[in-house]
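Source file target_0.pdb; content: PDB, C-alpha atoms, pLDDT in the B column.
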ATOM      1  CA  MET S  23      18.179  35.444  34.603  1.00 78.00           C
ATOM      2  CA  ASP S  24      20.515  32.597  33.609  1.00 86.00           C
ATOM      3  CA  GLU S  25      20.722  33.981  30.067  1.00 91.00           C
ATOM      4  CA  PHE S  26      21.670  37.387  31.495  1.00 89.00           C
ATOM      5  CA  LYS S  27      24.421  35.824  33.611  1.00 91.00           C
ATOM      6  CA  LYS S  28      25.786  33.917  30.605  1.00 95.00           C
ATOM      7  CA  VAL S  29      25.998  37.121  28.585  1.00 94.00           C
ATOM      8  CA  ILE S  30      27.868  38.877  31.423  1.00 94.00           C
ATOM      9  CA  VAL S  31      30.359  35.978  31.531  1.00 95.00           C
ATOM     10  CA  GLN S  32      30.785  36.211  27.741  1.00 96.00           C
ATOM     11  CA  LEU S  33      31.299  39.987  27.926  1.00 96.00           C
ATOM     12  CA  THR S  34      33.982  39.445  30.556  1.00 96.00           C
ATOM     13  CA  GLY S  35      35.696  36.919  28.291  1.00 96.00           C
ATOM     14  CA  VAL S  36      35.682  39.299  25.340  1.00 96.00           C
ATOM     15  CA  PHE S  37      37.193  42.085  27.425  1.00 96.00           C
ATOM     16  CA  ARG S  38      39.830  39.638  28.687  1.00 96.00           C
ATOM     17  CA  GLN S  39      40.711  38.811  25.063  1.00 97.00           C
ATOM     18  CA  LEU S  40      40.756  42.493  24.110  1.00 96.00           C
ATOM     19  CA  THR S  41      43.118  43.224  27.001  1.00 96.00           C
ATOM     20  CA  LYS S  42      45.527  40.460  25.934  1.00 97.00           C
ATOM     21  CA  ILE S  43      45.581  41.746  22.379  1.00 96.00           C
ATOM     22  CA  GLU S  44      45.985  45.321  23.620  1.00 95.00           C
ATOM     23  CA  GLN S  45      48.991  44.218  25.706  1.00 96.00           C
ATOM     24  CA  VAL S  46      50.573  42.672  22.599  1.00 96.00           C
ATOM     25  CA  LYS S  47      49.807  45.893  20.707  1.00 94.00           C
ATOM     26  CA  LEU S  48      51.396  47.944  23.501  1.00 93.00           C
ATOM     27  CA  ASN S  49      54.598  45.891  23.341  1.00 94.00           C
ATOM     28  CA  ALA S  50      54.629  46.012  19.537  1.00 93.00           C
ATOM     29  CA  ALA S  51      54.136  49.782  19.521  1.00 91.00           C
ATOM     30  CA  ALA S  52      56.928  50.222  22.067  1.00 90.00           C
ATOM     31  CA  GLU S  53      59.253  48.149  19.872  1.00 91.00           C
ATOM     32  CA  ASN S  54      58.094  49.824  16.617  1.00 87.00           C
ATOM     33  CA  HIS S  55      56.636  46.638  15.071  1.00 91.00           C
ATOM     34  CA  ALA S  56      54.005  48.178  12.821  1.00 89.00           C
ATOM     35  CA  GLY S  57      52.927  44.852  11.301  1.00 92.00           C
ATOM     36  CA  THR S  58      52.110  43.400  14.698  1.00 93.00           C
ATOM     37  CA  VAL S  59      50.183  46.539  15.636  1.00 92.00           C
ATOM     38  CA  GLU S  60      48.147  46.146  12.429  1.00 93.00           C
ATOM     39  CA  ASP S  61      47.427  42.492  13.202  1.00 95.00           C
ATOM     40  CA  CYS S  62      46.259  43.446  16.686  1.00 94.00           C
ATOM     41  CA  VAL S  63      43.943  46.118  15.314  1.00 94.00           C
ATOM     42  CA  THR S  64      42.408  43.580  12.908  1.00 94.00           C
ATOM     43  CA  GLN S  65      41.829  41.092  15.739  1.00 95.00           C
ATOM     44  CA  GLN S  66      40.340  43.806  17.927  1.00 95.00           C
ATOM     45  CA  GLN S  67      37.956  44.907  15.194  1.00 95.00           C
ATOM     46  CA  ALA S  68      36.505  41.386  15.056  1.00 95.00           C
ATOM     47  CA  LEU S  69      36.163  41.305  18.851  1.00 96.00           C
ATOM     48  CA  ILE S  70      34.507  44.717  18.885  1.00 95.00           C
ATOM     49  CA  LEU S  71      31.845  43.406  16.494  1.00 96.00           C
ATOM     50  CA  ARG S  72      31.325  40.469  18.835  1.00 96.00           C
ATOM     51  CA  LEU S  73      31.175  42.877  21.761  1.00 95.00           C
ATOM     52  CA  ARG S  74      28.422  44.868  20.066  1.00 95.00           C
ATOM     53  CA  GLY S  75      26.413  41.701  19.505  1.00 95.00           C
ATOM     54  CA  LEU S  76      26.873  40.672  23.129  1.00 95.00           C
ATOM     55  CA  GLU S  77      25.807  44.104  24.308  1.00 94.00           C
ATOM     56  CA  GLN S  78      22.574  43.749  22.348  1.00 95.00           C
ATOM     57  CA  ALA S  79      22.104  40.251  23.796  1.00 94.00           C
ATOM     58  CA  ARG S  80      22.695  41.668  27.285  1.00 93.00           C
ATOM     59  CA  GLU S  81      20.031  44.306  26.755  1.00 93.00           C
ATOM     60  CA  ARG S  82      17.545  41.676  25.568  1.00 93.00           C
ATOM     61  CA  ALA S  83      18.335  39.283  28.419  1.00 92.00           C
ATOM     62  CA  GLN S  84      18.204  42.114  30.940  1.00 91.00           C
ATOM     63  CA  ALA S  85      14.799  43.203  29.639  1.00 92.00           C
ATOM     64  CA  LYS S  86      13.551  39.596  29.630  1.00 91.00           C
ATOM     65  CA  ALA S  87      14.606  39.293  33.290  1.00 87.00           C
ATOM     66  CA  GLY S  88      12.579  42.447  34.067  1.00 88.00           C
ATOM     67  CA  TYR S  89      15.480  44.856  34.560  1.00 89.00           C
ATOM     68  CA  ALA S  90      15.363  46.843  31.305  1.00 89.00           C
ATOM     69  CA  GLY S  91      17.216  50.136  31.390  1.00 87.00           C
ATOM     70  CA  LEU S  92      18.704  49.584  34.849  1.00 86.00           C
ATOM     71  CA  GLN S  93      22.368  49.919  35.736  1.00 89.00           C
ATOM     72  CA  PHE S  94      24.133  46.993  37.358  1.00 87.00           C
ATOM     73  CA  ARG S  95      23.975  48.615  40.810  1.00 88.00           C
ATOM     74  CA  GLU S  96      20.249  49.091  40.447  1.00 89.00           C
ATOM     75  CA  ILE S  97      19.828  45.466  39.405  1.00 89.00           C
ATOM     76  CA  LEU S  98      21.742  44.331  42.504  1.00 88.00           C
ATOM     77  CA  GLY S  99      19.322  46.277  44.649  1.00 88.00           C
ATOM     78  CA  LYS S 100      16.314  44.528  43.113  1.00 88.00           C
ATOM     79  CA  VAL S 101      17.386  40.900  42.793  1.00 87.00           C
ATOM     80  CA  PRO S 102      16.636  38.308  45.478  1.00 86.00           C
ATOM     81  CA  ASP S 103      19.354  37.773  48.078  1.00 86.00           C
ATOM     82  CA  ASP S 104      20.296  34.335  46.756  1.00 84.00           C
ATOM     83  CA  GLU S 105      21.236  35.806  43.344  1.00 87.00           C
ATOM     84  CA  ARG S 106      22.786  39.044  44.576  1.00 89.00           C
ATOM     85  CA  GLU S 107      26.174  37.593  45.546  1.00 89.00           C
ATOM     86  CA  GLU S 108      26.594  35.724  42.265  1.00 90.00           C
ATOM     87  CA  LEU S 109      25.608  38.767  40.205  1.00 91.00           C
ATOM     88  CA  TYR S 110      27.856  41.005  42.286  1.00 92.00           C
ATOM     89  CA  GLN S 111      30.835  38.752  41.523  1.00 93.00           C
ATOM     90  CA  LEU S 112      29.990  38.687  37.810  1.00 93.00           C
ATOM     91  CA  PHE S 113      29.580  42.476  37.645  1.00 93.00           C
ATOM     92  CA  ASP S 114      32.764  43.023  39.655  1.00 94.00           C
ATOM     93  CA  GLU S 115      34.800  40.753  37.392  1.00 96.00           C
ATOM     94  CA  LEU S 116      33.440  42.471  34.283  1.00 95.00           C
ATOM     95  CA  SER S 117      34.229  45.858  35.793  1.00 95.00           C
ATOM     96  CA  ARG S 118      37.806  44.807  36.587  1.00 96.00           C
ATOM     97  CA  GLU S 119      38.361  43.505  33.055  1.00 96.00           C
ATOM     98  CA  ILE S 120      37.025  46.733  31.545  1.00 95.00           C
ATOM     99  CA  GLN S 121      39.273  48.802  33.820  1.00 97.00           C
ATOM    100  CA  MET S 122      42.308  46.665  32.946  1.00 96.00           C
ATOM    101  CA  PHE S 123      41.579  47.124  29.241  1.00 95.00           C
ATOM    102  CA  ARG S 124      41.267  50.893  29.683  1.00 96.00           C
ATOM    103  CA  GLU S 125      44.601  51.116  31.488  1.00 96.00           C
ATOM    104  CA  VAL S 126      46.484  49.098  28.871  1.00 95.00           C
ATOM    105  CA  ASN S 127      44.700  51.015  26.103  1.00 94.00           C
ATOM    106  CA  GLU S 128      45.788  54.355  27.567  1.00 95.00           C
ATOM    107  CA  GLY S 129      49.405  53.181  27.600  1.00 93.00           C
ATOM    108  CA  THR S 130      49.156  51.964  24.016  1.00 92.00           C
ATOM    109  CA  ASN S 131      47.604  55.221  22.836  1.00 92.00           C
ATOM    110  CA  GLN S 132      50.335  57.244  24.550  1.00 93.00           C
ATOM    111  CA  ILE S 133      53.077  55.222  22.864  1.00 91.00           C
ATOM    112  CA  LEU S 134      51.352  55.470  19.483  1.00 89.00           C
ATOM    113  CA  ARG S 135      50.986  59.266  19.868  1.00 90.00           C
ATOM    114  CA  THR S 136      54.669  59.508  20.770  1.00 89.00           C
ATOM    115  CA  ASN S 137      55.620  57.381  17.759  1.00 86.00           C
ATOM    116  CA  LEU S 138      53.520  59.546  15.454  1.00 85.00           C
ATOM    117  CA  HIS S 139      55.128  62.667  16.884  1.00 84.00           C
ATOM    118  CA  MET S 140      58.591  61.221  16.229  1.00 85.00           C
ATOM    119  CA  ILE S 141      57.633  60.287  12.661  1.00 82.00           C
ATOM    120  CA  ASP S 142      56.266  63.795  12.128  1.00 81.00           C
ATOM    121  CA  LYS S 143      59.464  65.290  13.536  1.00 81.00           C
ATOM    122  CA  VAL S 144      61.665  63.220  11.214  1.00 80.00           C
ATOM    123  CA  LEU S 145      59.521  64.162   8.223  1.00 78.00           C
ATOM    124  CA  ARG S 146      59.709  67.848   9.135  1.00 77.00           C
ATOM    125  CA  GLU S 147      63.482  67.650   9.454  1.00 76.00           C
ATOM    126  CA  LYS S 148      63.791  65.980   6.054  1.00 76.00           C
ATOM    127  CA  THR S 149      61.423  68.288   4.214  1.00 72.00           C
ATOM    128  CA  GLY S 150      62.076  71.420   6.244  1.00 65.00           C
ATOM    129  CA  LYS S 151      58.357  72.106   6.355  1.00 63.00           C
ATOM    130  CA  ILE S 152      55.776  72.201   9.082  1.00 62.00           C
ATOM    131  CA  TYR S 153      52.096  72.936   8.826  1.00 61.00           C
ATOM    132  CA  ASN S 154      50.170  75.582  10.701  1.00 61.00           C
ATOM    133  CA  GLY S 155      46.619  75.449  12.052  1.00 62.00           C
ATOM    134  CA  GLU S 156      45.150  76.281   8.641  1.00 69.00           C
ATOM    135  CA  GLY S 157      47.061  73.445   6.953  1.00 61.00           C
ATOM    136  CA  LYS S 158      49.469  75.791   5.145  1.00 66.00           C
ATOM    137  CA  SER S 159      53.117  74.921   4.871  1.00 63.00           C
ATOM    138  CA  GLU S 160      55.622  76.947   6.910  1.00 61.00           C
ATOM    139  CA  THR S 161      59.398  76.744   6.703  1.00 54.00           C
ATOM    140  CA  ASN S 162      60.415  78.413   9.959  1.00 52.00           C
ATOM    141  CA  THR S 163      60.243  76.616  13.260  1.00 54.00           C
ATOM    142  CA  ARG S 164      57.698  77.505  15.914  1.00 55.00           C
ATOM    143  CA  HIS S 165      56.966  76.588  19.471  1.00 57.00           C
ATOM    144  CA  MET S 166      55.106  73.309  19.985  1.00 59.00           C
ATOM    145  CA  THR S 167      52.250  75.034  21.758  1.00 64.00           C
ATOM    146  CA  SER S 168      49.869  77.226  19.893  1.00 60.00           C
ATOM    147  CA  ARG S 169      49.341  80.708  21.237  1.00 63.00           C
ATOM    148  CA  ARG S 170      46.318  81.234  19.043  1.00 63.00           C
ATOM    149  CA  VAL S 171      42.984  81.680  20.835  1.00 56.00           C
TER     150      VAL S 171
END

So, in terms of structure tokens, how does the structure I just supplied come out?
Amino acid sequence: MDEFKKVIVQLTGVFRQLTKIEQVKLNAAAENHAGTVEDCVTQQQALILRLRGLEQARERAQAKAGYAGLQFREILGKVPDDEREELYQLFDELSREIQMFREVNEGTNQILRTNLHMIDKVLREKTGKIYNGEGKSETNTRHMTSRRV
């Protein structure tokens, strides 16, 4: 069970690192610093590989502890009382870090989508062309929403 706890602590640390990088990426995207955004993506890719390895280690440690295939809530219901509180704190901290990452990630994605839309708009104004749903070039302007079913 100690190995399982160590992996949960490591997972929490990786998500904490991912969140910090995502916050930097959010600020860089908001300030249109494409190079910084690229650097953040590179760092995150390395952490995602580490995260995958830790997830496999978690599955192995969880199975070794006799809780294979169970969700964290189910594990809490089966562990002895003396371990329950410690595991609950570890699971809760991991959950909070994952939620924090998701929130920052949503903000980053929204800014990046907005930036891409602005780039697309500038390109359309310069070239005078837009593309329809079939990928064909059109020269007249249309509404932003598609009325096609």

Exercise for the section: Might you spell out which residues the PyMOL selection byres ((chain S and resi 55-61) around 12) would select in the displayed file, as a ChimeraX atom specification? Expected result: /S:43-54,62-68,130-131,133-134,137-138

Practice task
Could you tell me which residues the PyMOL selection byres ((chain S and resi 124) around 12) grabs in this file, written as a PyMOL selection string?
Solution key: chain S and resi 37-38+40-42+44-45+117-123+125-131

Problem - range 26-36 of chain S environment, 9 Å, all atoms listed in the file, sequence neighbours closer than 2 positions dropped, as JSON, numbers by chain - result: {"S": [23, 24, 38, 39, 40, 41, 69, 70, 72, 73, 76, 77, 79, 80, 81, 82, 83, 84, 86, 87, 108, 109, 112, 113, 115, 116, 117, 118, 119, 120]}

Determine the axis-aligned bounding box of all atoms of range 59-74 of chain S present in the file, pad each side by 6 Å, and express its centre and edge lengths in Å to one decimal place as JSON.
{"center_x": 39.3, "center_y": 43.5, "center_z": 17.1, "size_x": 33.8, "size_y": 18.1, "size_z": 21.3}

Exercise for the section: Can you work out the spacing between CA of Glu96 in chain S and CA of Arg74 in chain S in Å, to one decimal? Expected result: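 Computed distance, CA of Glu96 in chain S to CA of Arg74 in chain S, equals 22.4 Å.
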